[in-house]
file work01.cif (mmCIF, N, CA and C atoms)
data_protein
#
loop_
_atom_site.label_atom_id
_atom_site.label_comp_id
_atom_site.auth_asym_id
_atom_site.auth_seq_id
_atom_site.Cartn_x
_atom_site.Cartn_y
_atom_site.Cartn_z
N MET E 1 -16.45 28.00 -52.25
CA MET E 1 -17.76 28.58 -52.06
C MET E 1 -18.33 28.10 -50.72
N VAL E 2 -18.83 29.03 -49.94
CA VAL E 2 -19.45 28.71 -48.66
C VAL E 2 -20.96 28.71 -48.86
N ILE E 3 -21.61 27.65 -48.38
CA ILE E 3 -23.06 27.54 -48.50
C ILE E 3 -23.69 27.88 -47.16
N ASP E 4 -24.65 28.78 -47.19
CA ASP E 4 -25.37 29.17 -45.99
C ASP E 4 -26.59 28.27 -45.85
N ALA E 5 -26.56 27.34 -44.88
CA ALA E 5 -27.65 26.38 -44.69
C ALA E 5 -28.98 27.06 -44.38
N GLU E 6 -28.94 28.24 -43.78
CA GLU E 6 -30.18 28.95 -43.47
C GLU E 6 -30.87 29.48 -44.72
N LYS E 7 -30.14 29.57 -45.82
CA LYS E 7 -30.71 30.08 -47.07
C LYS E 7 -30.90 28.95 -48.07
N ASN E 8 -30.99 27.73 -47.58
CA ASN E 8 -31.17 26.56 -48.44
C ASN E 8 -32.47 26.70 -49.23
N PRO E 9 -32.43 26.53 -50.55
CA PRO E 9 -33.64 26.72 -51.36
C PRO E 9 -34.58 25.52 -51.41
N GLN E 10 -34.35 24.50 -50.60
CA GLN E 10 -35.25 23.35 -50.62
C GLN E 10 -36.67 23.79 -50.27
N GLY E 11 -37.63 23.38 -51.12
CA GLY E 11 -39.03 23.73 -50.85
C GLY E 11 -39.64 22.86 -49.77
N TRP E 12 -39.16 21.63 -49.67
CA TRP E 12 -39.66 20.72 -48.65
C TRP E 12 -38.65 19.59 -48.49
N LYS E 13 -38.74 18.89 -47.39
CA LYS E 13 -37.84 17.77 -47.13
C LYS E 13 -38.61 16.73 -46.32
N SER E 14 -38.55 15.50 -46.76
CA SER E 14 -39.22 14.42 -46.03
C SER E 14 -38.52 14.21 -44.69
N PRO E 15 -39.30 14.10 -43.62
CA PRO E 15 -38.68 13.88 -42.31
C PRO E 15 -38.12 12.45 -42.15
N LYS E 16 -38.53 11.55 -43.04
CA LYS E 16 -38.05 10.16 -42.99
C LYS E 16 -38.01 9.63 -44.42
N PRO E 17 -37.27 8.55 -44.67
CA PRO E 17 -37.24 8.00 -46.02
C PRO E 17 -38.64 7.57 -46.49
N LEU E 18 -38.96 7.85 -47.75
CA LEU E 18 -40.25 7.48 -48.32
C LEU E 18 -40.16 6.13 -49.02
N TYR E 19 -41.28 5.43 -49.08
CA TYR E 19 -41.37 4.29 -49.97
C TYR E 19 -41.42 4.83 -51.40
N ALA E 20 -40.87 4.07 -52.31
CA ALA E 20 -40.90 4.41 -53.72
C ALA E 20 -41.07 3.12 -54.50
N ALA E 21 -41.66 3.23 -55.69
CA ALA E 21 -41.84 2.04 -56.53
C ALA E 21 -41.28 2.31 -57.92
N ARG E 22 -40.72 1.25 -58.50
CA ARG E 22 -40.33 1.26 -59.91
C ARG E 22 -41.11 0.14 -60.58
N LEU E 23 -41.81 0.48 -61.65
CA LEU E 23 -42.54 -0.52 -62.44
C LEU E 23 -41.85 -0.62 -63.79
N PHE E 24 -41.52 -1.83 -64.22
CA PHE E 24 -40.87 -2.06 -65.49
C PHE E 24 -41.91 -2.55 -66.49
N VAL E 25 -42.04 -1.83 -67.60
CA VAL E 25 -43.11 -2.08 -68.57
C VAL E 25 -42.52 -2.16 -69.97
N GLY E 26 -42.94 -3.18 -70.74
CA GLY E 26 -42.55 -3.29 -72.14
C GLY E 26 -43.64 -2.71 -73.03
N PHE E 27 -43.24 -2.29 -74.23
CA PHE E 27 -44.18 -1.69 -75.17
C PHE E 27 -44.59 -2.62 -76.30
N SER E 28 -44.04 -3.83 -76.35
CA SER E 28 -44.42 -4.77 -77.41
C SER E 28 -45.43 -5.77 -76.88
N VAL E 29 -46.20 -6.33 -77.80
CA VAL E 29 -47.06 -7.48 -77.50
C VAL E 29 -46.46 -8.61 -78.33
N GLY E 30 -45.90 -9.60 -77.63
CA GLY E 30 -45.11 -10.59 -78.35
C GLY E 30 -43.92 -9.88 -78.98
N GLN E 31 -43.69 -10.12 -80.25
CA GLN E 31 -42.58 -9.47 -80.96
C GLN E 31 -43.01 -8.15 -81.61
N LYS E 32 -44.29 -7.80 -81.52
CA LYS E 32 -44.80 -6.64 -82.26
C LYS E 32 -44.80 -5.36 -81.41
N PRO E 33 -44.04 -4.32 -81.81
CA PRO E 33 -44.11 -3.04 -81.10
C PRO E 33 -45.55 -2.50 -81.19
N THR E 34 -46.15 -2.18 -80.03
CA THR E 34 -47.57 -1.85 -79.99
C THR E 34 -47.86 -0.54 -79.26
N TRP E 35 -47.17 -0.28 -78.19
CA TRP E 35 -47.49 0.85 -77.31
C TRP E 35 -46.36 1.86 -77.29
N ASP E 36 -46.64 3.04 -76.70
CA ASP E 36 -45.58 4.04 -76.53
C ASP E 36 -45.75 4.72 -75.16
N ILE E 37 -44.86 5.65 -74.87
CA ILE E 37 -44.84 6.29 -73.57
C ILE E 37 -46.13 7.05 -73.28
N ASP E 38 -46.74 7.65 -74.30
CA ASP E 38 -47.99 8.38 -74.08
C ASP E 38 -49.12 7.45 -73.63
N ASP E 39 -49.15 6.22 -74.16
CA ASP E 39 -50.14 5.24 -73.72
C ASP E 39 -49.94 4.92 -72.24
N LEU E 40 -48.69 4.71 -71.86
CA LEU E 40 -48.37 4.37 -70.47
C LEU E 40 -48.72 5.53 -69.53
N ILE E 41 -48.35 6.74 -69.89
CA ILE E 41 -48.66 7.91 -69.05
C ILE E 41 -50.17 8.02 -68.82
N SER E 42 -50.95 7.81 -69.86
CA SER E 42 -52.41 7.89 -69.76
C SER E 42 -52.96 6.85 -68.79
N ILE E 43 -52.48 5.63 -68.88
CA ILE E 43 -52.95 4.55 -68.00
C ILE E 43 -52.58 4.85 -66.55
N VAL E 44 -51.35 5.29 -66.33
CA VAL E 44 -50.90 5.60 -64.96
C VAL E 44 -51.75 6.73 -64.38
N ALA E 45 -51.94 7.80 -65.13
CA ALA E 45 -52.72 8.94 -64.62
C ALA E 45 -54.16 8.54 -64.30
N ARG E 46 -54.80 7.79 -65.21
CA ARG E 46 -56.19 7.36 -64.96
C ARG E 46 -56.30 6.47 -63.73
N THR E 47 -55.37 5.53 -63.62
CA THR E 47 -55.42 4.58 -62.50
C THR E 47 -55.16 5.27 -61.18
N ARG E 48 -54.16 6.14 -61.13
CA ARG E 48 -53.85 6.85 -59.88
C ARG E 48 -55.01 7.78 -59.49
N LYS E 49 -55.67 8.37 -60.48
CA LYS E 49 -56.83 9.23 -60.18
C LYS E 49 -57.95 8.39 -59.56
N LYS E 50 -58.20 7.20 -60.12
CA LYS E 50 -59.22 6.30 -59.56
C LYS E 50 -58.85 5.89 -58.14
N GLN E 51 -57.54 5.75 -57.87
CA GLN E 51 -57.07 5.38 -56.54
C GLN E 51 -57.14 6.56 -55.56
N LYS E 52 -57.45 7.76 -56.10
CA LYS E 52 -57.49 8.98 -55.29
C LYS E 52 -56.12 9.23 -54.63
N ARG E 53 -55.08 9.06 -55.44
CA ARG E 53 -53.70 9.27 -54.99
C ARG E 53 -53.06 10.37 -55.82
N ALA E 54 -51.93 10.86 -55.35
CA ALA E 54 -51.16 11.85 -56.11
C ALA E 54 -50.83 11.25 -57.48
N LEU E 55 -51.00 12.05 -58.53
CA LEU E 55 -50.71 11.57 -59.89
C LEU E 55 -49.23 11.63 -60.21
N ASP E 56 -48.43 12.24 -59.37
CA ASP E 56 -47.02 12.47 -59.63
C ASP E 56 -46.29 11.16 -59.94
N ALA E 57 -45.54 11.15 -61.04
CA ALA E 57 -44.75 10.00 -61.44
C ALA E 57 -43.69 10.47 -62.43
N SER E 58 -42.60 9.74 -62.50
CA SER E 58 -41.57 9.98 -63.51
C SER E 58 -41.52 8.77 -64.42
N PHE E 59 -41.15 9.00 -65.67
CA PHE E 59 -41.11 7.94 -66.67
C PHE E 59 -39.75 7.95 -67.34
N LEU E 60 -39.07 6.82 -67.32
CA LEU E 60 -37.79 6.67 -67.98
C LEU E 60 -37.97 5.72 -69.16
N VAL E 61 -37.81 6.23 -70.36
CA VAL E 61 -37.94 5.39 -71.56
C VAL E 61 -36.63 4.64 -71.76
N GLN E 62 -36.73 3.37 -72.12
CA GLN E 62 -35.55 2.53 -72.24
C GLN E 62 -35.78 1.40 -73.23
N LYS E 63 -34.73 0.66 -73.49
CA LYS E 63 -34.82 -0.59 -74.24
C LYS E 63 -34.62 -1.72 -73.24
N GLY E 64 -35.23 -2.84 -73.50
CA GLY E 64 -35.06 -3.97 -72.60
C GLY E 64 -35.16 -5.29 -73.34
N ILE E 65 -34.77 -6.34 -72.65
CA ILE E 65 -34.88 -7.70 -73.16
C ILE E 65 -35.73 -8.47 -72.16
N TYR E 66 -36.76 -9.14 -72.64
CA TYR E 66 -37.67 -9.89 -71.78
C TYR E 66 -37.79 -11.30 -72.32
N THR E 67 -37.68 -12.29 -71.45
CA THR E 67 -37.88 -13.68 -71.83
C THR E 67 -39.24 -14.13 -71.30
N SER E 68 -40.12 -14.53 -72.23
CA SER E 68 -41.46 -14.95 -71.88
C SER E 68 -41.43 -16.19 -71.00
N LYS E 69 -42.18 -16.15 -69.91
CA LYS E 69 -42.32 -17.33 -69.05
C LYS E 69 -43.27 -18.36 -69.67
N ILE E 70 -44.05 -17.91 -70.64
CA ILE E 70 -45.02 -18.80 -71.30
C ILE E 70 -44.38 -19.52 -72.48
N SER E 71 -43.81 -18.74 -73.41
CA SER E 71 -43.27 -19.34 -74.65
C SER E 71 -41.77 -19.57 -74.61
N GLY E 72 -41.06 -18.91 -73.68
CA GLY E 72 -39.61 -19.00 -73.64
C GLY E 72 -38.95 -18.08 -74.66
N GLU E 73 -39.76 -17.40 -75.48
CA GLU E 73 -39.27 -16.51 -76.51
C GLU E 73 -38.65 -15.26 -75.87
N THR E 74 -37.55 -14.78 -76.47
CA THR E 74 -36.91 -13.56 -76.00
C THR E 74 -37.32 -12.40 -76.89
N VAL E 75 -37.73 -11.31 -76.26
CA VAL E 75 -38.19 -10.11 -76.97
C VAL E 75 -37.26 -8.95 -76.59
N THR E 76 -36.72 -8.28 -77.60
CA THR E 76 -36.01 -7.03 -77.39
C THR E 76 -36.98 -5.92 -77.76
N GLU E 77 -37.23 -5.02 -76.81
CA GLU E 77 -38.31 -4.05 -77.03
C GLU E 77 -38.02 -2.72 -76.37
N ASP E 78 -38.75 -1.70 -76.85
CA ASP E 78 -38.79 -0.43 -76.15
C ASP E 78 -39.66 -0.63 -74.92
N GLY E 79 -39.45 0.19 -73.92
CA GLY E 79 -40.24 0.10 -72.71
C GLY E 79 -39.98 1.30 -71.84
N ALA E 80 -40.38 1.20 -70.57
CA ALA E 80 -40.19 2.31 -69.64
C ALA E 80 -40.18 1.81 -68.21
N GLN E 81 -39.63 2.64 -67.35
CA GLN E 81 -39.79 2.49 -65.91
C GLN E 81 -40.72 3.61 -65.46
N VAL E 82 -41.65 3.26 -64.58
CA VAL E 82 -42.50 4.25 -63.94
C VAL E 82 -42.00 4.36 -62.51
N LEU E 83 -41.66 5.57 -62.09
CA LEU E 83 -41.17 5.79 -60.73
C LEU E 83 -42.19 6.61 -59.96
N ILE E 84 -42.59 6.07 -58.82
CA ILE E 84 -43.62 6.72 -58.00
C ILE E 84 -43.14 6.80 -56.56
N LEU E 85 -43.15 8.00 -56.01
CA LEU E 85 -42.86 8.20 -54.59
C LEU E 85 -44.16 8.12 -53.81
N ASN E 86 -44.09 7.58 -52.62
CA ASN E 86 -45.26 7.46 -51.76
C ASN E 86 -45.54 8.81 -51.09
N LEU E 87 -45.94 9.79 -51.92
CA LEU E 87 -46.22 11.14 -51.42
C LEU E 87 -47.47 11.19 -50.56
N ASP E 88 -48.31 10.15 -50.64
CA ASP E 88 -49.52 10.08 -49.82
C ASP E 88 -49.21 9.51 -48.44
N ASP E 89 -47.94 9.14 -48.19
CA ASP E 89 -47.49 8.61 -46.90
C ASP E 89 -48.30 7.40 -46.43
N LEU E 90 -48.52 6.47 -47.36
CA LEU E 90 -49.27 5.25 -47.04
C LEU E 90 -48.40 4.27 -46.27
N LYS E 91 -49.04 3.40 -45.52
CA LYS E 91 -48.33 2.28 -44.91
C LYS E 91 -47.89 1.35 -46.03
N LEU E 92 -46.86 0.55 -45.76
CA LEU E 92 -46.30 -0.33 -46.79
C LEU E 92 -47.36 -1.21 -47.44
N ALA E 93 -48.23 -1.82 -46.66
CA ALA E 93 -49.24 -2.73 -47.21
C ALA E 93 -50.17 -1.99 -48.18
N ASP E 94 -50.54 -0.76 -47.85
CA ASP E 94 -51.42 0.02 -48.73
C ASP E 94 -50.68 0.47 -49.99
N PHE E 95 -49.43 0.90 -49.86
CA PHE E 95 -48.64 1.30 -51.02
C PHE E 95 -48.41 0.10 -51.94
N GLU E 96 -48.11 -1.06 -51.36
CA GLU E 96 -47.94 -2.29 -52.15
C GLU E 96 -49.24 -2.63 -52.89
N ALA E 97 -50.38 -2.51 -52.23
CA ALA E 97 -51.67 -2.80 -52.87
C ALA E 97 -51.93 -1.84 -54.03
N ASP E 98 -51.64 -0.55 -53.84
CA ASP E 98 -51.82 0.43 -54.92
C ASP E 98 -50.91 0.12 -56.10
N MET E 99 -49.65 -0.20 -55.83
CA MET E 99 -48.70 -0.47 -56.91
C MET E 99 -49.05 -1.78 -57.64
N THR E 100 -49.56 -2.76 -56.90
CA THR E 100 -50.01 -4.00 -57.52
C THR E 100 -51.19 -3.74 -58.44
N ALA E 101 -52.16 -2.95 -57.98
CA ALA E 101 -53.33 -2.61 -58.80
C ALA E 101 -52.91 -1.80 -60.03
N LEU E 102 -51.96 -0.89 -59.87
CA LEU E 102 -51.47 -0.11 -61.00
C LEU E 102 -50.78 -1.02 -62.02
N ALA E 103 -49.92 -1.90 -61.55
CA ALA E 103 -49.22 -2.83 -62.44
C ALA E 103 -50.21 -3.74 -63.16
N GLU E 104 -51.24 -4.18 -62.46
CA GLU E 104 -52.25 -5.05 -63.09
C GLU E 104 -53.00 -4.29 -64.17
N ALA E 105 -53.35 -3.03 -63.92
CA ALA E 105 -54.05 -2.21 -64.93
C ALA E 105 -53.17 -2.03 -66.17
N ILE E 106 -51.88 -1.76 -65.95
CA ILE E 106 -50.95 -1.61 -67.07
C ILE E 106 -50.85 -2.92 -67.85
N ALA E 107 -50.66 -4.03 -67.14
CA ALA E 107 -50.52 -5.33 -67.81
C ALA E 107 -51.77 -5.68 -68.61
N ARG E 108 -52.93 -5.42 -68.05
CA ARG E 108 -54.18 -5.74 -68.72
C ARG E 108 -54.39 -4.86 -69.96
N LYS E 109 -54.27 -3.55 -69.79
CA LYS E 109 -54.56 -2.62 -70.89
C LYS E 109 -53.51 -2.67 -71.99
N MET E 110 -52.26 -2.97 -71.62
CA MET E 110 -51.20 -3.01 -72.63
C MET E 110 -50.89 -4.44 -73.08
N LYS E 111 -51.73 -5.40 -72.63
CA LYS E 111 -51.61 -6.80 -73.02
C LYS E 111 -50.21 -7.36 -72.77
N GLN E 112 -49.69 -7.06 -71.59
CA GLN E 112 -48.37 -7.53 -71.19
C GLN E 112 -48.48 -8.84 -70.43
N GLU E 113 -47.50 -9.69 -70.62
CA GLU E 113 -47.46 -10.96 -69.89
C GLU E 113 -47.30 -10.69 -68.39
N GLU E 114 -46.48 -9.68 -68.05
CA GLU E 114 -46.33 -9.26 -66.66
C GLU E 114 -45.68 -7.89 -66.61
N VAL E 115 -45.88 -7.21 -65.49
CA VAL E 115 -45.21 -5.96 -65.18
C VAL E 115 -44.45 -6.21 -63.88
N ILE E 116 -43.17 -5.85 -63.87
CA ILE E 116 -42.33 -6.06 -62.68
C ILE E 116 -42.44 -4.83 -61.78
N VAL E 117 -42.60 -5.06 -60.48
CA VAL E 117 -42.69 -3.99 -59.49
C VAL E 117 -41.57 -4.19 -58.47
N GLU E 118 -40.86 -3.10 -58.20
CA GLU E 118 -39.85 -3.08 -57.15
C GLU E 118 -40.23 -1.97 -56.18
N ILE E 119 -40.33 -2.30 -54.90
CA ILE E 119 -40.63 -1.30 -53.87
C ILE E 119 -39.38 -1.11 -53.02
N GLN E 120 -39.03 0.16 -52.83
CA GLN E 120 -37.84 0.53 -52.07
C GLN E 120 -38.23 1.45 -50.92
N LYS E 121 -37.32 1.54 -49.96
CA LYS E 121 -37.43 2.56 -48.92
C LYS E 121 -36.02 3.07 -48.66
N GLY E 122 -35.84 4.36 -48.82
CA GLY E 122 -34.52 4.94 -48.62
C GLY E 122 -33.50 4.36 -49.59
N GLY E 123 -33.95 3.98 -50.79
CA GLY E 123 -33.04 3.44 -51.80
C GLY E 123 -32.71 1.96 -51.63
N ILE E 124 -33.28 1.32 -50.63
CA ILE E 124 -33.02 -0.10 -50.37
C ILE E 124 -34.25 -0.89 -50.80
N THR E 125 -34.05 -1.89 -51.66
CA THR E 125 -35.15 -2.70 -52.15
C THR E 125 -35.76 -3.49 -51.01
N LYS E 126 -37.08 -3.36 -50.88
CA LYS E 126 -37.82 -4.11 -49.84
C LYS E 126 -38.51 -5.33 -50.42
N MET E 127 -38.93 -5.24 -51.70
CA MET E 127 -39.59 -6.37 -52.35
C MET E 127 -39.61 -6.16 -53.86
N THR E 128 -39.63 -7.26 -54.59
CA THR E 128 -39.75 -7.24 -56.04
C THR E 128 -40.70 -8.37 -56.41
N PHE E 129 -41.64 -8.08 -57.32
CA PHE E 129 -42.60 -9.10 -57.74
C PHE E 129 -43.13 -8.80 -59.13
N GLY E 130 -43.62 -9.83 -59.79
CA GLY E 130 -44.24 -9.69 -61.10
C GLY E 130 -45.75 -9.72 -60.96
N VAL E 131 -46.42 -8.86 -61.74
CA VAL E 131 -47.88 -8.77 -61.70
C VAL E 131 -48.40 -9.14 -63.09
N VAL E 132 -49.33 -10.05 -63.13
CA VAL E 132 -49.91 -10.52 -64.39
C VAL E 132 -51.32 -9.92 -64.57
N PRO E 133 -51.79 -9.87 -65.82
CA PRO E 133 -53.14 -9.30 -66.04
C PRO E 133 -54.24 -10.14 -65.42
#
call {"tool": "encode", "arguments": {"input": "work01.cif", "output": "structure tokens"}}
result
Amino acid sequence: MVIDAEKNPQGWKSPKPLYAARLFVGFSVGQKPTWDIDDLISIVARTRKKQKRALDASFLVQKGIYTSKISGETVTEDGAQVLILNLDDLKLADFEADMTALAEAIARKMKQEEVIVEIQKGGITKMTFGVVP
């Protein structure tokens, strides 16, 4: 099959690699399953709206194992990754500040010990950090 590049159906293409963030979130409080994906989607949408940013995000539901830094207890829980592209074309410092504020809102509202944030550019990790409530 020959592909005609002039008839490419791409609606848009970034002229340069975008920053992207992955936030890792658990749904349990301690050992007790407490939250679900709909709770997380609601928090992300409200927070991004307050930030006056694009609400666009993807959510990957998963299982995870988390070891508490406070108690040392290991929790096996349902959770999710929140994936956000920097569609607002923010500078790294501003995108990092937005993702930190989002992670803090999630940690606070979902009573999480921490939310892990990974920021990438072009698929290469630039930084990873934990955000506490």
call {"tool": "closest_residue", "arguments": {"input": "work01.cif", "among": "E:Asp88, E:Ser28, E:Arg22, E:Thr125", "to": "Gln51 in chain E", "atoms": "only C-alpha atoms"}}
result
E:Asp88
call {"tool": "resolve_selection", "arguments": {"input": "work01.cif", "expression": "the PyMOL selection byres ((chain E and resi 59) around 6)", "output": "number ranges by chain"}}
result
E: 57-58, 60-61, 81-83
call {"tool": "select_by_dssp", "arguments": {"input": "work01.cif", "residues": "range 16-52 of chain E", "states": "helix (DSSP H, G or I)", "output": "ChimeraX atom specification"}}
result
/E:37-50
call {"tool": "axis_aligned_box", "arguments": {"input": "work01.cif", "around": "range 19-35 of chain E", "padding_each_side": "8 Å", "output": "lines of an AutoDock Vina configuration file"}}
result
center_x = -44.1
center_y = -2.6
center_z = -65.7
size_x = 23.5
size_y = 32.0
size_z = 49.2
call {"tool": "residues_around", "arguments": {"input": "work01.cif", "residues": "range 65-76 of chain E", "least_positions_apart": "2", "cutoff": "6.5 Å", "atoms": "all atoms listed in the file", "output": "number ranges by chain"}}
result
E: 30-31, 63, 78
